[in-house]
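Novice: Just final-v3.cif, nothing more (mmCIF, C-alpha atoms):
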```cif
data_final
loop_
_atom_site.group_PDB
_atom_site.id
_atom_site.type_symbol
_atom_site.label_atom_id
_atom_site.label_comp_id
_atom_site.auth_asym_id
_atom_site.auth_seq_id
_atom_site.Cartn_x
_atom_site.Cartn_y
_atom_site.Cartn_z
ATOM 1 C CA MET W 1 44.133 -9.017 18.198
ATOM 2 C CA SER W 2 44.643 -9.039 14.450
ATOM 3 C CA GLY W 3 41.001 -9.098 13.314
ATOM 4 C CA SER W 4 39.297 -5.857 12.321
ATOM 5 C CA LEU W 5 36.007 -4.627 10.889
ATOM 6 C CA THR W 6 35.331 -1.793 8.476
ATOM 7 C CA VAL W 7 31.720 -1.093 7.531
ATOM 8 C CA VAL W 8 31.154 0.915 4.351
ATOM 9 C CA GLY W 9 28.209 2.229 2.380
ATOM 10 C CA THR W 10 27.800 1.656 -1.359
ATOM 11 C CA GLY W 11 25.295 4.506 -1.726
ATOM 12 C CA ILE W 12 21.923 4.333 -3.441
ATOM 13 C CA LYS W 13 22.805 4.602 -7.131
ATOM 14 C CA SER W 14 24.721 1.543 -8.271
ATOM 15 C CA ILE W 15 28.521 1.964 -8.252
ATOM 16 C CA ALA W 16 28.276 5.736 -8.893
ATOM 17 C CA HIS W 17 27.869 6.540 -5.192
ATOM 18 C CA LEU W 18 30.858 4.534 -3.970
ATOM 19 C CA THR W 19 33.400 6.777 -2.239
ATOM 20 C CA SER W 20 37.139 6.436 -2.731
ATOM 21 C CA GLU W 21 37.712 5.266 0.852
ATOM 22 C CA ALA W 22 34.936 2.667 0.509
ATOM 23 C CA ARG W 23 36.513 1.301 -2.679
ATOM 24 C CA ILE W 24 39.896 0.978 -0.937
ATOM 25 C CA ALA W 25 38.391 -0.797 2.082
ATOM 26 C CA ILE W 26 36.468 -3.185 -0.185
ATOM 27 C CA SER W 27 39.503 -4.097 -2.311
ATOM 28 C CA ASN W 28 42.008 -4.412 0.541
ATOM 29 C CA SER W 29 40.014 -6.530 2.987
ATOM 30 C CA ASP W 30 40.716 -10.219 3.649
ATOM 31 C CA LYS W 31 36.996 -10.949 3.645
ATOM 32 C CA LEU W 32 34.181 -8.961 2.012
ATOM 33 C CA LEU W 33 30.551 -9.398 3.039
ATOM 34 C CA PHE W 34 27.834 -7.365 1.368
ATOM 35 C CA LEU W 35 24.140 -6.520 1.293
ATOM 36 C CA VAL W 36 23.230 -4.330 -1.664
ATOM 37 C CA ALA W 37 20.107 -3.621 -3.679
ATOM 38 C CA ASP W 38 21.188 -4.091 -7.298
ATOM 39 C CA PHE W 39 22.998 -6.632 -9.461
ATOM 40 C CA LEU W 40 25.497 -4.182 -10.974
ATOM 41 C CA THR W 41 26.924 -3.379 -7.544
ATOM 42 C CA GLN W 42 26.974 -7.075 -6.650
ATOM 43 C CA ASP W 43 29.019 -7.852 -9.760
ATOM 44 C CA TRP W 44 31.396 -4.967 -9.096
ATOM 45 C CA LEU W 45 31.948 -6.113 -5.504
ATOM 46 C CA ARG W 46 32.726 -9.682 -6.567
ATOM 47 C CA LYS W 47 35.255 -8.432 -9.103
ATOM 48 C CA ALA W 48 36.818 -5.984 -6.656
ATOM 49 C CA ASN W 49 37.308 -8.690 -4.020
ATOM 50 C CA PRO W 50 37.148 -12.442 -4.822
ATOM 51 C CA THR W 51 36.225 -13.255 -1.202
ATOM 52 C CA ALA W 52 32.897 -11.414 -1.576
ATOM 53 C CA GLU W 53 29.879 -13.102 0.030
ATOM 54 C CA ASP W 54 26.243 -12.001 -0.172
ATOM 55 C CA LEU W 55 24.403 -11.639 3.153
ATOM 56 C CA HIS W 56 20.973 -11.722 1.516
ATOM 57 C CA CYS W 57 20.844 -15.472 2.206
ATOM 58 C CA PHE W 58 19.911 -14.714 5.814
ATOM 59 C CA TYR W 59 16.529 -13.374 4.730
ATOM 60 C CA SER W 60 13.646 -15.811 4.414
ATOM 61 C CA ASP W 61 9.918 -15.346 4.037
ATOM 62 C CA ARG W 62 8.146 -14.513 7.327
ATOM 63 C CA LYS W 63 11.423 -14.548 9.255
ATOM 64 C CA PRO W 64 11.480 -11.742 11.867
ATOM 65 C CA ARG W 65 13.806 -8.943 10.833
ATOM 66 C CA GLU W 66 15.524 -8.808 14.232
ATOM 67 C CA GLU W 67 16.490 -12.479 13.904
ATOM 68 C CA THR W 68 17.865 -11.840 10.422
ATOM 69 C CA TYR W 69 19.937 -8.908 11.672
ATOM 70 C CA ARG W 70 21.413 -10.944 14.534
ATOM 71 C CA ASP W 71 22.346 -13.742 12.127
ATOM 72 C CA MET W 72 24.076 -11.292 9.787
ATOM 73 C CA SER W 73 25.988 -9.678 12.636
ATOM 74 C CA SER W 74 27.106 -13.063 13.978
ATOM 75 C CA HIS W 75 28.310 -14.128 10.534
ATOM 76 C CA ILE W 76 30.326 -10.924 10.134
ATOM 77 C CA MET W 77 31.906 -11.424 13.564
ATOM 78 C CA ARG W 78 32.892 -14.996 12.724
ATOM 79 C CA PHE W 79 35.506 -13.748 10.261
ATOM 80 C CA VAL W 80 36.688 -10.943 12.543
ATOM 81 C CA ARG W 81 37.346 -13.510 15.283
ATOM 82 C CA GLU W 82 39.338 -15.569 12.787
ATOM 83 C CA GLY W 83 41.791 -12.665 12.601
ATOM 84 C CA LYS W 84 40.754 -11.361 9.201
ATOM 85 C CA SER W 85 40.412 -7.741 8.151
ATOM 86 C CA VAL W 86 36.714 -7.755 7.320
ATOM 87 C CA CYS W 87 34.792 -5.280 5.192
ATOM 88 C CA ALA W 88 30.995 -5.262 5.374
ATOM 89 C CA ALA W 89 29.424 -3.263 2.535
ATOM 90 C CA PHE W 90 25.780 -2.201 2.865
ATOM 91 C CA TYR W 91 23.750 -0.159 0.396
ATOM 92 C CA GLY W 92 23.027 3.467 1.189
ATOM 93 C CA HIS W 93 24.661 4.815 4.332
ATOM 94 C CA PRO W 94 25.809 1.810 6.395
ATOM 95 C CA GLY W 95 24.561 3.369 9.623
ATOM 96 C CA VAL W 96 21.074 4.304 8.437
ATOM 97 C CA PHE W 97 18.398 1.591 8.719
ATOM 98 C CA ALA W 98 21.158 -0.988 8.976
ATOM 99 C CA ALA W 99 20.897 -2.721 12.352
ATOM 100 C CA PRO W 100 23.442 -5.503 11.576
ATOM 101 C CA THR W 101 26.244 -2.983 11.057
ATOM 102 C CA HIS W 102 25.698 -1.345 14.440
ATOM 103 C CA MET W 103 25.390 -4.745 16.129
ATOM 104 C CA ALA W 104 28.639 -6.006 14.598
ATOM 105 C CA ILE W 105 30.635 -2.861 15.368
ATOM 106 C CA LYS W 106 29.420 -2.831 18.980
ATOM 107 C CA GLN W 107 30.288 -6.508 19.417
ATOM 108 C CA ALA W 108 33.700 -6.134 17.775
ATOM 109 C CA ARG W 109 34.660 -3.216 20.005
ATOM 110 C CA GLU W 110 33.455 -5.002 23.130
ATOM 111 C CA GLU W 111 35.717 -7.926 22.218
ATOM 112 C CA GLY W 112 38.706 -5.634 21.695
ATOM 113 C CA PHE W 113 38.793 -5.558 17.904
ATOM 114 C CA LYS W 114 39.293 -2.406 15.870
ATOM 115 C CA ALA W 115 36.020 -1.441 14.181
ATOM 116 C CA GLN W 116 35.010 1.600 12.154
ATOM 117 C CA MET W 117 32.188 2.829 9.949
ATOM 118 C CA LEU W 118 32.742 4.890 6.809
ATOM 119 C CA PRO W 119 29.830 7.060 5.621
ATOM 120 C CA GLY W 120 27.927 6.602 2.394
ATOM 121 C CA ILE W 121 25.213 8.401 0.439
ATOM 122 C CA SER W 122 21.814 7.681 1.959
ATOM 123 C CA ALA W 123 18.261 7.848 0.625
ATOM 124 C CA GLU W 124 17.843 11.000 2.709
ATOM 125 C CA ASP W 125 20.728 12.646 0.855
ATOM 126 C CA CYS W 126 19.013 11.804 -2.442
ATOM 127 C CA LEU W 127 15.697 13.144 -1.149
ATOM 128 C CA PHE W 128 17.211 16.477 -0.104
ATOM 129 C CA ALA W 129 18.959 16.841 -3.465
ATOM 130 C CA GLU W 130 16.088 15.826 -5.740
ATOM 131 C CA LEU W 131 13.222 17.507 -3.903
ATOM 132 C CA GLY W 132 15.243 20.686 -3.349
ATOM 133 C CA ILE W 133 14.953 20.628 0.441
ATOM 134 C CA ASP W 134 17.347 22.414 2.773
ATOM 135 C CA PRO W 135 16.784 20.907 6.247
ATOM 136 C CA ALA W 136 18.230 24.050 7.834
ATOM 137 C CA ARG W 137 15.498 26.243 6.378
ATOM 138 C CA THR W 138 12.532 25.096 8.468
ATOM 139 C CA GLY W 139 14.051 22.222 10.411
ATOM 140 C CA CYS W 140 13.545 18.556 9.629
ATOM 141 C CA GLN W 141 12.161 15.611 11.573
ATOM 142 C CA SER W 142 12.668 11.993 10.615
ATOM 143 C CA PHE W 143 10.918 8.864 11.902
ATOM 144 C CA GLU W 144 10.416 5.236 10.953
ATOM 145 C CA THR W 145 6.703 5.083 10.118
ATOM 146 C CA THR W 146 5.597 2.211 12.359
ATOM 147 C CA ASP W 147 7.571 3.673 15.273
ATOM 148 C CA PHE W 148 6.024 7.082 14.551
ATOM 149 C CA LEU W 149 2.535 5.652 15.051
ATOM 150 C CA LEU W 150 3.145 3.138 17.830
ATOM 151 C CA TYR W 151 4.711 5.713 20.139
ATOM 152 C CA LYS W 152 2.708 8.691 18.877
ATOM 153 C CA ARG W 153 5.917 10.632 18.372
ATOM 154 C CA LYS W 154 5.678 14.332 19.077
ATOM 155 C CA PHE W 155 6.620 16.518 16.114
ATOM 156 C CA ASP W 156 6.254 20.069 14.841
ATOM 157 C CA PRO W 157 4.033 20.393 11.723
ATOM 158 C CA CYS W 158 5.854 23.658 10.952
ATOM 159 C CA CYS W 159 8.989 21.597 10.175
ATOM 160 C CA SER W 160 9.580 19.203 7.312
ATOM 161 C CA LEU W 161 8.575 15.644 8.209
ATOM 162 C CA ILE W 162 10.127 12.509 6.691
ATOM 163 C CA LEU W 163 8.549 9.106 7.342
ATOM 164 C CA TRP W 164 10.675 6.110 6.371
ATOM 165 C CA GLN W 165 9.519 2.633 5.340
ATOM 166 C CA VAL W 166 5.964 3.819 4.863
ATOM 167 C CA GLY W 167 5.443 0.881 2.505
ATOM 168 C CA VAL W 168 6.120 -1.689 5.242
ATOM 169 C CA ILE W 169 4.005 -0.065 7.942
ATOM 170 C CA GLY W 170 3.060 -2.521 10.695
ATOM 171 C CA ASN W 171 5.290 -5.311 9.316
ATOM 172 C CA PHE W 172 8.059 -6.796 11.434
ATOM 173 C CA ASP W 173 9.179 -9.646 9.199
ATOM 174 C CA TYR W 174 10.534 -10.105 5.682
ATOM 175 C CA ARG W 175 8.048 -10.802 2.872
ATOM 176 C CA ASP W 176 9.096 -12.244 -0.490
ATOM 177 C CA ARG W 177 5.866 -11.217 -2.205
ATOM 178 C CA GLY W 178 5.399 -7.693 -0.906
ATOM 179 C CA TYR W 179 4.083 -6.171 2.288
ATOM 180 C CA ASP W 180 0.629 -5.592 3.717
ATOM 181 C CA THR W 181 -0.183 -1.868 3.476
ATOM 182 C CA SER W 182 -3.548 -1.993 5.236
ATOM 183 C CA GLY W 183 -2.125 0.273 7.950
ATOM 184 C CA ILE W 184 -1.895 3.282 5.605
ATOM 185 C CA PRO W 185 -5.424 4.596 6.408
ATOM 186 C CA THR W 186 -4.445 4.590 10.094
ATOM 187 C CA LEU W 187 -1.414 6.737 9.230
ATOM 188 C CA VAL W 188 -3.534 9.112 7.127
ATOM 189 C CA ASN W 189 -6.119 9.527 9.889
ATOM 190 C CA HIS W 190 -3.375 10.277 12.398
ATOM 191 C CA LEU W 191 -1.722 12.857 10.139
ATOM 192 C CA LYS W 192 -5.065 14.578 9.493
ATOM 193 C CA GLN W 193 -4.996 15.736 13.104
ATOM 194 C CA PHE W 194 -2.080 17.990 12.129
ATOM 195 C CA TYR W 195 -2.517 18.657 8.398
ATOM 196 C CA PRO W 196 -5.556 19.413 6.216
ATOM 197 C CA SER W 197 -6.711 16.592 3.953
ATOM 198 C CA ASP W 198 -5.609 18.517 0.848
ATOM 199 C CA HIS W 199 -2.085 19.215 2.165
ATOM 200 C CA GLU W 200 0.490 18.144 -0.429
ATOM 201 C CA VAL W 201 2.692 15.174 0.414
ATOM 202 C CA THR W 202 5.371 13.467 -1.678
ATOM 203 C CA LEU W 203 6.160 9.782 -2.099
ATOM 204 C CA PHE W 204 9.836 9.452 -2.978
ATOM 205 C CA GLU W 205 11.933 6.516 -4.101
ATOM 206 C CA ALA W 206 15.543 7.181 -5.106
ATOM 207 C CA ALA W 207 16.788 5.737 -8.393
ATOM 208 C CA THR W 208 19.058 2.715 -8.105
ATOM 209 C CA TYR W 209 20.519 2.898 -11.629
ATOM 210 C CA ASN W 210 22.061 5.757 -13.592
ATOM 211 C CA VAL W 211 19.695 5.196 -16.518
ATOM 212 C CA CYS W 212 16.607 5.504 -14.309
ATOM 213 C CA GLU W 213 14.926 8.491 -12.707
ATOM 214 C CA SER W 214 13.819 8.638 -9.100
ATOM 215 C CA SER W 215 10.123 8.207 -8.421
ATOM 216 C CA VAL W 216 8.554 11.465 -7.188
ATOM 217 C CA GLU W 217 4.784 11.351 -6.763
ATOM 218 C CA LYS W 218 2.988 14.346 -5.284
ATOM 219 C CA MET W 219 -0.571 14.033 -3.980
ATOM 220 C CA ALA W 220 -2.986 15.300 -1.373
ATOM 221 C CA LEU W 221 -2.654 13.706 2.053
ATOM 222 C CA GLY W 222 -6.179 12.338 1.698
ATOM 223 C CA GLY W 223 -5.168 10.424 -1.433
ATOM 224 C CA LEU W 224 -2.293 8.565 0.200
ATOM 225 C CA SER W 225 -4.467 5.567 1.111
ATOM 226 C CA SER W 226 -4.889 4.635 -2.553
ATOM 227 C CA ALA W 227 -1.264 5.279 -3.629
ATOM 228 C CA ARG W 228 1.030 2.516 -4.875
ATOM 229 C CA LEU W 229 3.712 1.849 -2.276
ATOM 230 C CA THR W 230 6.873 -0.250 -2.285
ATOM 231 C CA SER W 231 9.250 -1.274 0.486
ATOM 232 C CA SER W 232 11.511 1.609 -0.610
ATOM 233 C CA SER W 233 8.842 4.320 -0.475
ATOM 234 C CA THR W 234 9.578 7.355 1.690
ATOM 235 C CA LEU W 235 6.946 9.941 2.608
ATOM 236 C CA TYR W 236 7.913 13.615 2.700
ATOM 237 C CA ILE W 237 5.496 16.151 4.198
ATOM 238 C CA SER W 238 6.236 19.850 3.799
ATOM 239 C CA PRO W 239 5.600 22.285 6.667
ATOM 240 C CA VAL W 240 1.936 23.136 7.084
ATOM 241 C CA ARG W 241 2.807 26.797 7.600
ATOM 242 C CA ARG W 242 5.797 29.094 8.114
ATOM 243 C CA LEU W 243 6.740 30.488 11.487
ATOM 244 C CA VAL W 244 6.496 34.270 11.308
ATOM 245 C CA SER W 245 7.477 35.438 14.775
ATOM 246 C CA ALA W 246 10.482 34.521 16.858
ATOM 247 C CA ASP W 247 10.470 34.371 20.642
ATOM 248 C CA ARG W 248 11.259 37.859 21.929
ATOM 249 C CA GLY W 249 13.001 36.539 25.034
ATOM 250 C CA MET W 250 15.321 34.378 22.958
ATOM 251 C CA LEU W 251 16.017 37.199 20.519
ATOM 252 C CA ASP W 252 17.147 39.351 23.429
ATOM 253 C CA ALA W 253 19.085 36.558 25.141
ATOM 254 C CA LEU W 254 20.966 35.686 21.933
ATOM 255 C CA ARG W 255 21.396 39.359 20.985
ATOM 256 C CA VAL W 256 20.193 38.667 17.457
ATOM 257 C CA PRO W 257 20.655 41.749 15.232
ATOM 258 C CA PRO W 258 17.316 43.066 13.938
ATOM 259 C CA GLU W 259 18.477 42.963 10.319
ATOM 260 C CA PHE W 260 18.631 39.150 10.475
ATOM 261 C CA VAL W 261 15.033 38.773 11.592
ATOM 262 C CA LYS W 262 12.514 39.236 8.791
ATOM 263 C CA MET W 263 9.289 38.421 10.533
ATOM 264 C CA VAL W 264 7.116 40.586 8.309
ATOM 265 C CA LYS W 265 7.973 38.525 5.214
ATOM 266 C CA GLY W 266 7.495 35.266 7.083
ATOM 267 C CA GLU W 267 11.083 34.197 6.543
ATOM 268 C CA SER W 268 12.945 31.970 8.934
ATOM 269 C CA PRO W 269 15.035 34.150 11.297
ATOM 270 C CA THR W 270 18.191 32.223 10.378
ATOM 271 C CA GLN W 271 17.756 31.604 6.667
ATOM 272 C CA ASN W 272 20.022 34.507 5.656
ATOM 273 C CA TRP W 273 22.762 33.730 8.157
ATOM 274 C CA PRO W 274 26.036 32.304 6.788
ATOM 275 C CA ALA W 275 25.192 28.855 5.420
ATOM 276 C CA LYS W 276 28.448 27.243 6.594
ATOM 277 C CA ASP W 277 30.822 28.279 9.328
ATOM 278 C CA ARG W 278 33.019 25.231 9.657
#
```
Take the structure in the file and give it back as structure tokens.

Specialist:
Amino acid sequence: MSGSLTVVGTGIKSIAHLTSEARIAISNSDKLLFLVADFLTQDWLRKANPTAEDLHCFYSDRKPREETYRDMSSHIMRFVREGKSVCAAFYGHPGVFAAPTHMAIKQAREEGFKAQMLPGISAEDCLFAELGIDPARTGCQSFETTDFLLYKRKFDPCCSLILWQVGVIGNFDYRDRGYDTSGIPTLVNHLKQFYPSDHEVTLFEAATYNVCESSVEKMALGGLSSARLTSSSTLYISPVRRLVSADRGMLDALRVPPEFVKMVKGESPTQNWPAKDR
């Protein structure tokens, strides 16, 4: 079969986050389909490949998101089945909160076509960089907000917690005029079982343009109900406390040298180990 699919990410910040391999895939494909968040990237994509087509047309007010994603995936596969080398460019990382890309790749591979995904810079990458968070320091947990509540996900308050799409909590369709945020008090009440009301939380929204700064708004957990939220808002919650004692049985089993365990100072047992070993 001659058709193929390459899914790429355009990153969060317009054009600046495009990787070299993404640029090559975009320019060399027979058909380019895209879903991006800013006009500068749209213009660049159309200039880089004249076959460029915007997938945003599959959204419509009140249309269930799952239906939209299936329609996008089917449209992508149409060109793959025609024997074209197809590139699908999605903003951020193309595998993070991007159901159509996973659907299309799975379908393409099941039908015997070559399909691959190339990584891109995600909103999480921007959050780590701009808030100065090292996920290896205390650990990090990440959940979609509505999923987090519906299934009462188990988590460790001593680790960093990231809640995605907090501004669309309880919404399962696309809204042209903004989303209902009446579910935020329910989220706050749930989190208060694990954190004090005055525990600091951060609302983060990564900048889309080079001339803009990311939105970083710190507040007490109790004040979250009155905060201004958008569909791009992400909630970061720092650990409620530091772990100060490691499990003695595990220390012995792993033969951890005493000099690497600084329990008295309340430091993570592994924070002074080599940062990278690969």

Novice: Pick from W:Ala227, W:Cys212, W:Val240, W:Leu118: nearest to Leu191 in chain W, with only C-alpha atoms counted?

Specialist: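 Nearest candidate to Leu191 in chain W out of W:Ala227, W:Cys212, W:Val240, W:Leu118: W:Val240.
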
Novice: Taking only C-alpha atoms into account, produce a table as JSON lines in which each residue of range 197-260 of chain W with an atom at most 12 Å from an atom of range 83-93 of chain W appears once, together with its shortest atom pair and the distance in Å to one decimal, ordered by chain and rising number.

Specialist:
```
{"residue": "W:Ala206", "atom": "CA", "partner": "W:Gly92", "partner_atom": "CA", "distance": 10.5}
{"residue": "W:Ala207", "atom": "CA", "partner": "W:Gly92", "partner_atom": "CA", "distance": 11.7}
{"residue": "W:Thr208", "atom": "CA", "partner": "W:Tyr91", "partner_atom": "CA", "distance": 10.1}
{"residue": "W:Ser232", "atom": "CA", "partner": "W:Gly92", "partner_atom": "CA", "distance": 11.8}
```

Novice: I need the chosen residues saved as a PDB file, in the frame of the given file, with C-alpha atoms.

Specialist:
```pdb
ATOM      1  CA  ALA W 206      15.543   7.181  -5.106  1.00  0.00           C
ATOM      2  CA  ALA W 207      16.788   5.737  -8.393  1.00  0.00           C
ATOM      3  CA  THR W 208      19.058   2.715  -8.105  1.00  0.00           C
ATOM      4  CA  SER W 232      11.511   1.609  -0.610  1.00  0.00           C
TER       5      SER W 232
END
```

Novice: Calculated over all atoms listed in the file, which of the candidates W:Ala16, W:Gly9, W:Arg242, W:Phe148 has the smallest distance to Gln116 in chain W?

Specialist: W:Gly9

Novice: Calculated over all atoms listed in the file, which of the candidates W:Tyr174, W:Tyr236, W:Phe97, W:Phe58 has the smallest distance to Glu205 in chain W?

Specialist: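 The closest residue to Glu205 in chain W is W:Tyr236.
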
Novice: Determine, counting all atoms listed in the file, which protein, DNA and RNA residues have an atom within 6 Å of an atom of range 66-77 of chain W; residues of the same chain fewer than 2 positions away are not included. Present the result as a PDB file with C-alpha atoms, in the frame of the given file.

Specialist:
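Dumped to around_26.pdb:
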```
ATOM      1  CA  PHE W  58      19.911 -14.714   5.814  1.00  0.00           C
ATOM      2  CA  PRO W  64      11.480 -11.742  11.867  1.00  0.00           C
ATOM      3  CA  PHE W  79      35.506 -13.748  10.261  1.00  0.00           C
ATOM      4  CA  VAL W  80      36.688 -10.943  12.543  1.00  0.00           C
ATOM      5  CA  PRO W 100      23.442  -5.503  11.576  1.00  0.00           C
ATOM      6  CA  ALA W 104      28.639  -6.006  14.598  1.00  0.00           C
TER       7      ALA W 104
END
```

Novice: Would you kindly identify which residues have an atom no farther than 10 Å from (22.6, 0.4, 1.6), using only C-alpha atoms and the file's own coordinates, and write them out as a count of residues only?

Specialist: 24

Novice: May I ask which of the residues W:Val211, W:Ile237, W:Ala115, W:Ile133 is the closest one to Ser2 in chain W, counting all atoms listed in the file?

Specialist: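 Smallest distance to Ser2 in chain W is found for W:Ala115.
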
Novice: Separation of CA of Leu127 in chain W and CA of Asp156 in chain W, in Å?

Specialist: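 If I compute the distance from CA of Leu127 in chain W to CA of Asp156 in chain W, I get 19.8 Å.
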
Novice: Could you please determine the separation between CA of Leu5 in chain W and CA of Met117 in chain W in Å, to one decimal place?

Specialist: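 These two atoms are separated by 8.4 Å.
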
Novice: For a test of reading the model, state the distance in Å between CA of Arg46 in chain W and CA of Ala108 in chain W, rounded to one decimal.

Specialist: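 CA of Ala108 in chain W lies 24.6 Å from CA of Arg46 in chain W.
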
Novice: Looking at all atoms listed in the file, which of W:Glu217, W:Glu124, W:Glu53, W:Asp198 is the one that sits closest to Ser142 in chain W?

Specialist: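 Going through W:Glu217, W:Glu124, W:Glu53, W:Asp198 one by one, the smallest distance to Ser142 in chain W is for W:Glu124.
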